[in-house]
Amino acid sequence: MEYLRPQNISYTRVFVLFWVAVYVVLFVDIYVDWGVSFYYIGFTYVYDQDRMKLTYCIIALFAFILPISITRYSDFFCWMLYLTIFVPSVLIVSMQGYISFDAMSLVLSLTVSFLFIIYIPKMIRFQSYSLIRQLPANAFFFVFFLFYVVAIIFYIGTYRGMMSFSGMSELYEQRARFGETQTSTLALYLTGWLSNAMNPYLMAVGLFDRTRRWAIAVGAAGQVVVFMAFAGKIMLVIIVVTFGFYFFALVKGRISAPRLAFGFAALALLVLGLLAATSYQPSGTMMDMVTLIYIRTLGIQGAMTGVYADVFSSSALTYWSHANILNLIVDYPYKAPLGYVVGARLVGGTGFNANSHFWATDGIAAYGMMGVVIMGIVVGVLLSLANKVVTPDRLPFAATVSIPFIMAMGNTSLFTSLVTGGGLMMVLMIAYGAPPPRMPRKPWRLPYGEQARPSRLLR
């Protein structure tokens, strides 16, 4: 609790608290005035004053204890987890009004789990990853790019017959065609690897390495290729978020916590402005922007937390058998994937995939409230290992590359994000393929005994 000491409450901390408060107020206002209309994904509203006060206190507590100076990868990851998943989850769970489970028990489980995620990397520390210095980054990039070219050619060849740049009204039809296409397992894996790891890595290399600016265009074009096949809106959002993070959240090579908090407050303010401009009845492009920012990026995380707790309060737990390797040991109790099991309970039928973040899938669905706490320990240990790989000088690059992975964790299981979502591949890219940090120029020294002549500008 060193961050709660009076001498550590700086003006920077005040700015963070202010923007977090703005973000929370706007988020709740949008939920109450507009979000509850999306009942089909669990957006209900039951107000309990005491429950909301406790939730606000918990959110404020983490705004105090999260580090202002982001010097390790775990610090950055925890801030992103806090803003994208934790805050929406505890807020909406507190307002949903389910009676099948105790909402405050779930909120407290999330709180304990998040404390583990924050403090385990502080207690378990490893030495820096020595192999970073044993493989030249240029050699890794050459091998990676050869693999990338082969992969993108194979991907285009697989889906060329059904690829199109779909409009917002055609996305679900295009995605249905993608699902019906008979392809190899490798092609399916490449969808996640390209969109969440390989293309973002190329864009980040171009941003951080001035000699490879062309990689930005290649990575962005590759992302568009995957969008033309899979029609996932998030794939285009990743391009915008990557550039936005690089140009806005990085200040003189450091990640700014106040700017991260301000960015999410600005997104909520943008949504509120669009809703107000349309009298809370958006349509067309306005509706697409509101649902993409508020529903798909933020609100769905919180809504699905409560939905999963409701479904698995009376359904069989998976005991992590939904993960491909663990289901060889533990029998999976359902015939359909986990997201479709929840979707069938939520809206009926068999075609709705109600996927969700790791706290819901790997925590609640696996082992209830205790599963949530266990996943906090697992993620905390993984972040300790990540701190070993990401040296401080490579932190800005690693953060830029890993944003798509963190966004994927908001919609899928941790195990799925690591394998199918390209998380393990991302680790290799950060460990071996980060551009060397730009070193300060050394002062030029004349040979001993010679005297420098002033330039004409100084005469």
# chains A, B, ... in the order shown; residues from 1 in each chain; ligands from 1
$ closest_atom_pairs --of "stretch 264-314 of chain A" --to "stretch 216-240 of chain A" --cutoff "9 Å" --atoms "only C-alpha atoms" --output "JSON lines"
{"residue": "A:Leu292", "atom": "CA", "partner": "A:Lys233", "partner_atom": "CA", "distance": 7.9}
{"residue": "A:Arg296", "atom": "CA", "partner": "A:Ile234", "partner_atom": "CA", "distance": 8.5}
{"residue": "A:Thr297", "atom": "CA", "partner": "A:Ile234", "partner_atom": "CA", "distance": 8.5}
$ write_last_selection --atoms "N, CA and C atoms" --output "PDB file, in the first residue's frame"
ATOM      1  N   LEU A 292     -19.669  -0.170 -31.299  1.00  0.00           N
ATOM      2  CA  LEU A 292     -18.285  -0.622 -31.382  1.00  0.00           C
ATOM      3  C   LEU A 292     -17.483  -0.159 -30.173  1.00  0.00           C
ATOM      4  N   ARG A 296     -19.055  -3.323 -27.765  1.00  0.00           N
ATOM      5  CA  ARG A 296     -18.069  -4.343 -28.100  1.00  0.00           C
ATOM      6  C   ARG A 296     -16.751  -4.178 -27.346  1.00  0.00           C
ATOM      7  N   THR A 297     -16.322  -2.922 -27.093  1.00  0.00           N
ATOM      8  CA  THR A 297     -15.018  -2.695 -26.488  1.00  0.00           C
ATOM      9  C   THR A 297     -15.081  -2.642 -24.973  1.00  0.00           C
TER      10      THR A 297
END
$ closest_atom_pairs --of "stretch 224-247 of chain A" --to "stretch 400-419 of chain A" --cutoff "7 Å" --atoms "only C-alpha atoms" --output "JSON lines"
{"residue": "A:Ile238", "atom": "CA", "partner": "A:Pro404", "partner_atom": "CA", "distance": 6.3}
{"residue": "A:Thr242", "atom": "CA", "partner": "A:Thr400", "partner_atom": "CA", "distance": 6.3}
{"residue": "A:Phe245", "atom": "CA", "partner": "A:Thr400", "partner_atom": "CA", "distance": 6.9}
{"residue": "A:Tyr246", "atom": "CA", "partner": "A:Thr400", "partner_atom": "CA", "distance": 6.8}
$ write_last_selection --atoms "N, CA and C atoms" --output "mmCIF file, in the first residue's frame"
data_model
loop_
_atom_site.group_PDB
_atom_site.id
_atom_site.type_symbol
_atom_site.label_atom_id
_atom_site.label_comp_id
_atom_site.auth_asym_id
_atom_site.auth_seq_id
_atom_site.Cartn_x
_atom_site.Cartn_y
_atom_site.Cartn_z
ATOM 1 N N ILE A 238 -7.998 -2.360 -34.251
ATOM 2 C CA ILE A 238 -6.626 -2.578 -33.788
ATOM 3 C C ILE A 238 -5.661 -1.616 -34.466
ATOM 4 N N THR A 242 -3.555 0.962 -32.188
ATOM 5 C CA THR A 242 -2.090 0.893 -32.199
ATOM 6 C C THR A 242 -1.476 2.261 -32.438
ATOM 7 N N PHE A 245 -2.306 4.675 -29.428
ATOM 8 C CA PHE A 245 -1.460 4.439 -28.255
ATOM 9 C C PHE A 245 -0.066 5.005 -28.479
ATOM 10 N N TYR A 246 0.508 4.773 -29.637
ATOM 11 C CA TYR A 246 1.879 5.220 -29.899
ATOM 12 C C TYR A 246 1.984 6.737 -29.857
#
$ closest_residue --among "A:Met304, A:Leu188, A:Met370, A:Ala431" --to "A:Gly339" --atoms "only C-alpha atoms"
A:Met304
$ select_by_dssp --residues "stretch 25-131 of chain A" --states "alpha helix (DSSP H)" --output "ChimeraX atom specification"
/A:25-33,49-65,73-81,87-96,103-123
$ residues_around --residues "A:Thr183" --least-positions-apart "3" --cutoff "9 Å" --atoms "only C-alpha atoms" --output "VMD selection string"
chain A and resid 158 to 159 186 to 188
$ write_last_selection --atoms "N, CA and C atoms" --output "compact mmCIF listing (two decimals), in the first residue's frame"
# COMPACT_ATOMS: atom_id res chain seq x y z
N THR A 158 -6.23 -19.29 -49.49
CA THR A 158 -7.29 -20.10 -48.87
C THR A 158 -8.65 -19.43 -48.97
N TYR A 159 -8.69 -18.11 -48.75
CA TYR A 159 -9.98 -17.41 -48.65
C TYR A 159 -10.27 -16.48 -49.82
N LEU A 186 -4.65 -24.81 -39.93
CA LEU A 186 -3.63 -23.77 -39.99
C LEU A 186 -4.24 -22.44 -40.43
N ALA A 187 -5.13 -22.47 -41.43
CA ALA A 187 -5.76 -21.23 -41.89
C ALA A 187 -6.58 -20.58 -40.79
N LEU A 188 -7.27 -21.38 -40.00
CA LEU A 188 -8.04 -20.84 -38.88
C LEU A 188 -7.13 -20.23 -37.83
$ residues_around --residues "stretch 312-315 of chain A" --least-positions-apart "3" --cutoff "9 Å" --atoms "only C-alpha atoms" --output "number ranges by chain"
A: 100-101, 307-309, 342, 364-366, 368
$ write_last_selection --atoms "N, CA, C and O atoms" --output "PDB file, in the first residue's frame"
ATOM      1  N   SER A 100     -29.616 -15.068  -8.791  1.00  0.00           N
ATOM      2  CA  SER A 100     -29.069 -16.428  -8.794  1.00  0.00           C
ATOM      3  C   SER A 100     -27.711 -16.508  -8.115  1.00  0.00           C
ATOM      4  O   SER A 100     -27.233 -17.594  -7.799  1.00  0.00           O
ATOM      5  N   PHE A 101     -27.063 -15.375  -7.886  1.00  0.00           N
ATOM      6  CA  PHE A 101     -25.776 -15.332  -7.197  1.00  0.00           C
ATOM      7  C   PHE A 101     -25.673 -14.008  -6.461  1.00  0.00           C
ATOM      8  O   PHE A 101     -26.422 -13.067  -6.728  1.00  0.00           O
ATOM      9  N   VAL A 307     -23.571 -12.448 -16.671  1.00  0.00           N
ATOM     10  CA  VAL A 307     -24.264 -13.508 -17.402  1.00  0.00           C
ATOM     11  C   VAL A 307     -23.633 -14.865 -17.103  1.00  0.00           C
ATOM     12  O   VAL A 307     -24.328 -15.859 -16.840  1.00  0.00           O
ATOM     13  N   TYR A 308     -22.309 -14.936 -17.146  1.00  0.00           N
ATOM     14  CA  TYR A 308     -21.625 -16.197 -16.848  1.00  0.00           C
ATOM     15  C   TYR A 308     -21.889 -16.641 -15.411  1.00  0.00           C
ATOM     16  O   TYR A 308     -22.082 -17.835 -15.149  1.00  0.00           O
ATOM     17  N   ALA A 309     -21.883 -15.689 -14.470  1.00  0.00           N
ATOM     18  CA  ALA A 309     -22.161 -16.046 -13.078  1.00  0.00           C
ATOM     19  C   ALA A 309     -23.586 -16.575 -12.930  1.00  0.00           C
ATOM     20  O   ALA A 309     -23.835 -17.516 -12.169  1.00  0.00           O
ATOM     21  N   VAL A 342     -23.323 -20.658 -23.222  1.00  0.00           N
ATOM     22  CA  VAL A 342     -23.867 -19.463 -22.568  1.00  0.00           C
ATOM     23  C   VAL A 342     -24.834 -18.746 -23.498  1.00  0.00           C
ATOM     24  O   VAL A 342     -25.888 -18.262 -23.068  1.00  0.00           O
ATOM     25  N   ILE A 364     -15.133 -18.056 -13.630  1.00  0.00           N
ATOM     26  CA  ILE A 364     -16.501 -18.384 -13.204  1.00  0.00           C
ATOM     27  C   ILE A 364     -16.952 -19.714 -13.777  1.00  0.00           C
ATOM     28  O   ILE A 364     -17.467 -20.576 -13.057  1.00  0.00           O
ATOM     29  N   ALA A 365     -16.802 -19.905 -15.093  1.00  0.00           N
ATOM     30  CA  ALA A 365     -17.277 -21.140 -15.722  1.00  0.00           C
ATOM     31  C   ALA A 365     -16.483 -22.352 -15.260  1.00  0.00           C
ATOM     32  O   ALA A 365     -17.007 -23.471 -15.224  1.00  0.00           O
ATOM     33  N   ALA A 366     -15.231 -22.160 -14.889  1.00  0.00           N
ATOM     34  CA  ALA A 366     -14.388 -23.291 -14.505  1.00  0.00           C
ATOM     35  C   ALA A 366     -14.594 -23.714 -13.061  1.00  0.00           C
ATOM     36  O   ALA A 366     -14.733 -24.905 -12.762  1.00  0.00           O
ATOM     37  N   GLY A 368     -16.313 -21.322 -10.445  1.00  0.00           N
ATOM     38  CA  GLY A 368     -17.101 -20.366  -9.691  1.00  0.00           C
ATOM     39  C   GLY A 368     -16.274 -19.203  -9.172  1.00  0.00           C
ATOM     40  O   GLY A 368     -15.301 -18.767  -9.787  1.00  0.00           O
TER      41      GLY A 368
END
$ atom_distance --atom1 "atom CA of A:Met375" --atom2 "atom CA of A:Trp359"
6.8 Å
$ residues_around --residues "A:Met286" --least-positions-apart "2" --cutoff "12 Å" --atoms "only C-alpha atoms" --output "ChimeraX atom specification"
/A:168,270-284,288-294
$ atom_distance --atom1 "atom CA of A:Ala137" --atom2 "atom CA of A:Gly423"
19.2 Å
$ atom_distance --atom1 "atom CA of A:Phe247" --atom2 "atom CA of A:Thr71"
18.5 Å
$ closest_residue --among "A:Met425, A:Met162, A:Leu260, A:Met123" --to "A:Glu180" --atoms "only C-alpha atoms"
A:Met162
$ residues_around --residues "stretch 73-86 of chain A" --least-positions-apart "4" --cutoff "6 Å" --atoms "only C-alpha atoms" --output "CSV table (one decimal) with all heavy atoms, in the first residue's frame"
chain,number,residue,atom,x,y,z
A,298,LEU,N,-16.2,-2.1,-24.4
A,298,LEU,CA,-16.2,-1.9,-23.0
A,298,LEU,C,-17.4,-2.6,-22.3
A,298,LEU,O,-17.2,-3.5,-21.4
A,298,LEU,CB,-16.3,-0.4,-22.7
A,298,LEU,CG,-15.2,0.5,-23.2
A,298,LEU,CD1,-15.5,2.0,-23.0
A,298,LEU,CD2,-13.9,0.1,-22.5
A,301,GLN,N,-17.8,-6.6,-21.7
A,301,GLN,CA,-17.0,-7.2,-20.7
A,301,GLN,C,-17.7,-7.4,-19.4
A,301,GLN,O,-17.8,-8.4,-18.8
A,301,GLN,CB,-15.7,-6.4,-20.5
A,301,GLN,CG,-15.1,-5.7,-21.7
A,301,GLN,CD,-14.6,-6.6,-22.8
A,301,GLN,OE1,-14.8,-7.8,-22.7
A,301,GLN,NE2,-14.0,-6.0,-23.8
A,383,LEU,N,2.6,-12.7,-15.5
A,383,LEU,CA,3.1,-11.3,-15.6
A,383,LEU,C,4.5,-11.2,-15.0
A,383,LEU,O,5.3,-10.4,-15.5
A,383,LEU,CB,2.2,-10.3,-14.9
A,383,LEU,CG,0.9,-10.0,-15.7
A,383,LEU,CD1,0.0,-9.0,-14.9
A,383,LEU,CD2,1.1,-9.5,-17.0
A,387,ASN,N,7.6,-9.8,-17.1
A,387,ASN,CA,8.6,-8.8,-16.7
A,387,ASN,C,10.0,-9.3,-16.9
A,387,ASN,O,10.9,-8.5,-17.1
A,387,ASN,CB,8.4,-8.5,-15.2
A,387,ASN,CG,7.2,-7.7,-14.9
A,387,ASN,OD1,6.6,-7.0,-15.8
A,387,ASN,ND2,6.7,-7.7,-13.7
$ residues_around --residues "stretch 18-24 of chain A" --least-positions-apart "5" --cutoff "8 Å" --atoms "only C-alpha atoms" --output "ChimeraX atom specification"
/A:63,87,258,261-262,264-266,268-269
$ closest_atom_pairs --of "stretch 346-406 of chain A" --to "stretch 40-55 of chain A" --cutoff "12 Å" --atoms "only C-alpha atoms" --output "CSV"
residue,atom,partner,partner_atom,distance
A:Leu346,CA,A:Tyr40,CA,7.0
A:Val347,CA,A:Tyr40,CA,6.3
A:Gly348,CA,A:Tyr40,CA,10.1
A:Phe352,CA,A:Ile41,CA,10.4
A:Asn353,CA,A:Ile41,CA,10.9
A:Ala354,CA,A:Ile41,CA,8.3
A:Asn355,CA,A:Ile41,CA,11.0
A:Ser356,CA,A:Ile41,CA,11.4
$ decode --residues "stretch 43-77 of chain A" --atoms "N, CA and C atoms" --output "PDB file, in the first residue's frame"
ATOM      1  N   PHE A  43     -27.931  -6.641 -20.323  1.00  0.00           N
ATOM      2  CA  PHE A  43     -27.916  -5.282 -19.818  1.00  0.00           C
ATOM      3  C   PHE A  43     -29.231  -4.966 -19.118  1.00  0.00           C
ATOM      4  N   THR A  44     -29.328  -5.371 -17.868  1.00  0.00           N
ATOM      5  CA  THR A  44     -30.478  -5.006 -17.040  1.00  0.00           C
ATOM      6  C   THR A  44     -30.027  -3.948 -16.041  1.00  0.00           C
ATOM      7  N   TYR A  45     -30.945  -3.430 -15.235  1.00  0.00           N
ATOM      8  CA  TYR A  45     -30.578  -2.368 -14.302  1.00  0.00           C
ATOM      9  C   TYR A  45     -31.398  -2.483 -13.028  1.00  0.00           C
ATOM     10  N   VAL A  46     -30.723  -2.703 -11.915  1.00  0.00           N
ATOM     11  CA  VAL A  46     -31.336  -2.690 -10.591  1.00  0.00           C
ATOM     12  C   VAL A  46     -30.415  -1.877  -9.698  1.00  0.00           C
ATOM     13  N   TYR A  47     -30.921  -0.784  -9.146  1.00  0.00           N
ATOM     14  CA  TYR A  47     -30.072   0.118  -8.368  1.00  0.00           C
ATOM     15  C   TYR A  47     -30.088  -0.266  -6.898  1.00  0.00           C
ATOM     16  N   ASP A  48     -28.899  -0.406  -6.325  1.00  0.00           N
ATOM     17  CA  ASP A  48     -28.738  -0.651  -4.894  1.00  0.00           C
ATOM     18  C   ASP A  48     -27.676   0.326  -4.394  1.00  0.00           C
ATOM     19  N   GLN A  49     -28.082   1.289  -3.577  1.00  0.00           N
ATOM     20  CA  GLN A  49     -27.200   2.374  -3.175  1.00  0.00           C
ATOM     21  C   GLN A  49     -25.955   1.877  -2.439  1.00  0.00           C
ATOM     22  N   ASP A  50     -26.135   0.995  -1.468  1.00  0.00           N
ATOM     23  CA  ASP A  50     -24.995   0.502  -0.692  1.00  0.00           C
ATOM     24  C   ASP A  50     -24.022  -0.282  -1.570  1.00  0.00           C
ATOM     25  N   ARG A  51     -24.572  -1.091  -2.473  1.00  0.00           N
ATOM     26  CA  ARG A  51     -23.729  -1.890  -3.355  1.00  0.00           C
ATOM     27  C   ARG A  51     -22.920  -0.991  -4.292  1.00  0.00           C
ATOM     28  N   MET A  52     -23.542   0.051  -4.803  1.00  0.00           N
ATOM     29  CA  MET A  52     -22.836   0.949  -5.713  1.00  0.00           C
ATOM     30  C   MET A  52     -21.762   1.739  -4.976  1.00  0.00           C
ATOM     31  N   LYS A  53     -22.033   2.160  -3.735  1.00  0.00           N
ATOM     32  CA  LYS A  53     -21.018   2.892  -2.970  1.00  0.00           C
ATOM     33  C   LYS A  53     -19.781   2.031  -2.757  1.00  0.00           C
ATOM     34  N   LEU A  54     -19.993   0.763  -2.397  1.00  0.00           N
ATOM     35  CA  LEU A  54     -18.863  -0.135  -2.198  1.00  0.00           C
ATOM     36  C   LEU A  54     -18.093  -0.333  -3.493  1.00  0.00           C
ATOM     37  N   THR A  55     -18.812  -0.453  -4.598  1.00  0.00           N
ATOM     38  CA  THR A  55     -18.156  -0.622  -5.897  1.00  0.00           C
ATOM     39  C   THR A  55     -17.324   0.598  -6.259  1.00  0.00           C
ATOM     40  N   TYR A  56     -17.855   1.783  -6.038  1.00  0.00           N
ATOM     41  CA  TYR A  56     -17.095   3.004  -6.312  1.00  0.00           C
ATOM     42  C   TYR A  56     -15.834   3.067  -5.450  1.00  0.00           C
ATOM     43  N   CYS A  57     -15.932   2.658  -4.198  1.00  0.00           N
ATOM     44  CA  CYS A  57     -14.767   2.663  -3.305  1.00  0.00           C
ATOM     45  C   CYS A  57     -13.700   1.696  -3.801  1.00  0.00           C
ATOM     46  N   ILE A  58     -14.117   0.533  -4.290  1.00  0.00           N
ATOM     47  CA  ILE A  58     -13.160  -0.444  -4.804  1.00  0.00           C
ATOM     48  C   ILE A  58     -12.448   0.106  -6.038  1.00  0.00           C
ATOM     49  N   ILE A  59     -13.198   0.730  -6.929  1.00  0.00           N
ATOM     50  CA  ILE A  59     -12.589   1.315  -8.132  1.00  0.00           C
ATOM     51  C   ILE A  59     -11.601   2.403  -7.744  1.00  0.00           C
ATOM     52  N   ALA A  60     -11.972   3.253  -6.780  1.00  0.00           N
ATOM     53  CA  ALA A  60     -11.078   4.317  -6.331  1.00  0.00           C
ATOM     54  C   ALA A  60      -9.834   3.750  -5.669  1.00  0.00           C
ATOM     55  N   LEU A  61      -9.982   2.655  -4.925  1.00  0.00           N
ATOM     56  CA  LEU A  61      -8.833   2.023  -4.273  1.00  0.00           C
ATOM     57  C   LEU A  61      -7.769   1.641  -5.294  1.00  0.00           C
ATOM     58  N   PHE A  62      -8.191   1.012  -6.386  1.00  0.00           N
ATOM     59  CA  PHE A  62      -7.221   0.597  -7.394  1.00  0.00           C
ATOM     60  C   PHE A  62      -6.637   1.790  -8.135  1.00  0.00           C
ATOM     61  N   ALA A  63      -7.405   2.863  -8.278  1.00  0.00           N
ATOM     62  CA  ALA A  63      -6.845   4.072  -8.888  1.00  0.00           C
ATOM     63  C   ALA A  63      -5.744   4.664  -8.017  1.00  0.00           C
ATOM     64  N   PHE A  64      -5.782   4.379  -6.692  1.00  0.00           N
ATOM     65  CA  PHE A  64      -4.726   4.813  -5.785  1.00  0.00           C
ATOM     66  C   PHE A  64      -3.509   3.895  -5.836  1.00  0.00           C
ATOM     67  N   ILE A  65      -3.727   2.580  -5.876  1.00  0.00           N
ATOM     68  CA  ILE A  65      -2.602   1.663  -5.688  1.00  0.00           C
ATOM     69  C   ILE A  65      -1.916   1.268  -6.985  1.00  0.00           C
ATOM     70  N   LEU A  66      -2.574   1.438  -8.120  1.00  0.00           N
ATOM     71  CA  LEU A  66      -1.889   1.143  -9.380  1.00  0.00           C
ATOM     72  C   LEU A  66      -0.747   2.138  -9.581  1.00  0.00           C
ATOM     73  N   PRO A  67       0.399   1.689 -10.049  1.00  0.00           N
ATOM     74  CA  PRO A  67       1.576   2.571 -10.117  1.00  0.00           C
ATOM     75  C   PRO A  67       1.417   3.680 -11.147  1.00  0.00           C
ATOM     76  N   ILE A  68       1.755   4.891 -10.742  1.00  0.00           N
ATOM     77  CA  ILE A  68       1.729   6.022 -11.662  1.00  0.00           C
ATOM     78  C   ILE A  68       2.895   5.942 -12.639  1.00  0.00           C
ATOM     79  N   SER A  69       4.062   5.556 -12.137  1.00  0.00           N
ATOM     80  CA  SER A  69       5.232   5.399 -12.989  1.00  0.00           C
ATOM     81  C   SER A  69       5.239   3.980 -13.551  1.00  0.00           C
ATOM     82  N   ILE A  70       4.955   3.849 -14.830  1.00  0.00           N
ATOM     83  CA  ILE A  70       4.863   2.539 -15.474  1.00  0.00           C
ATOM     84  C   ILE A  70       6.254   2.157 -15.973  1.00  0.00           C
ATOM     85  N   THR A  71       6.937   1.337 -15.201  1.00  0.00           N
ATOM     86  CA  THR A  71       8.314   0.957 -15.523  1.00  0.00           C
ATOM     87  C   THR A  71       8.461  -0.510 -15.881  1.00  0.00           C
ATOM     88  N   ARG A  72       7.433  -1.320 -15.644  1.00  0.00           N
ATOM     89  CA  ARG A  72       7.480  -2.745 -15.964  1.00  0.00           C
ATOM     90  C   ARG A  72       6.251  -3.130 -16.765  1.00  0.00           C
ATOM     91  N   TYR A  73       6.374  -4.236 -17.476  1.00  0.00           N
ATOM     92  CA  TYR A  73       5.262  -4.667 -18.317  1.00  0.00           C
ATOM     93  C   TYR A  73       4.015  -4.957 -17.487  1.00  0.00           C
ATOM     94  N   SER A  74       4.175  -5.535 -16.306  1.00  0.00           N
ATOM     95  CA  SER A  74       3.020  -5.847 -15.467  1.00  0.00           C
ATOM     96  C   SER A  74       2.261  -4.585 -15.078  1.00  0.00           C
ATOM     97  N   ASP A  75       2.976  -3.462 -14.892  1.00  0.00           N
ATOM     98  CA  ASP A  75       2.303  -2.200 -14.572  1.00  0.00           C
ATOM     99  C   ASP A  75       1.371  -1.786 -15.705  1.00  0.00           C
ATOM    100  N   PHE A  76       1.892  -1.847 -16.930  1.00  0.00           N
ATOM    101  CA  PHE A  76       1.072  -1.483 -18.090  1.00  0.00           C
ATOM    102  C   PHE A  76      -0.109  -2.429 -18.240  1.00  0.00           C
ATOM    103  N   PHE A  77       0.143  -3.721 -18.117  1.00  0.00           N
ATOM    104  CA  PHE A  77      -0.919  -4.715 -18.284  1.00  0.00           C
ATOM    105  C   PHE A  77      -2.028  -4.482 -17.258  1.00  0.00           C
TER     106      PHE A  77
END
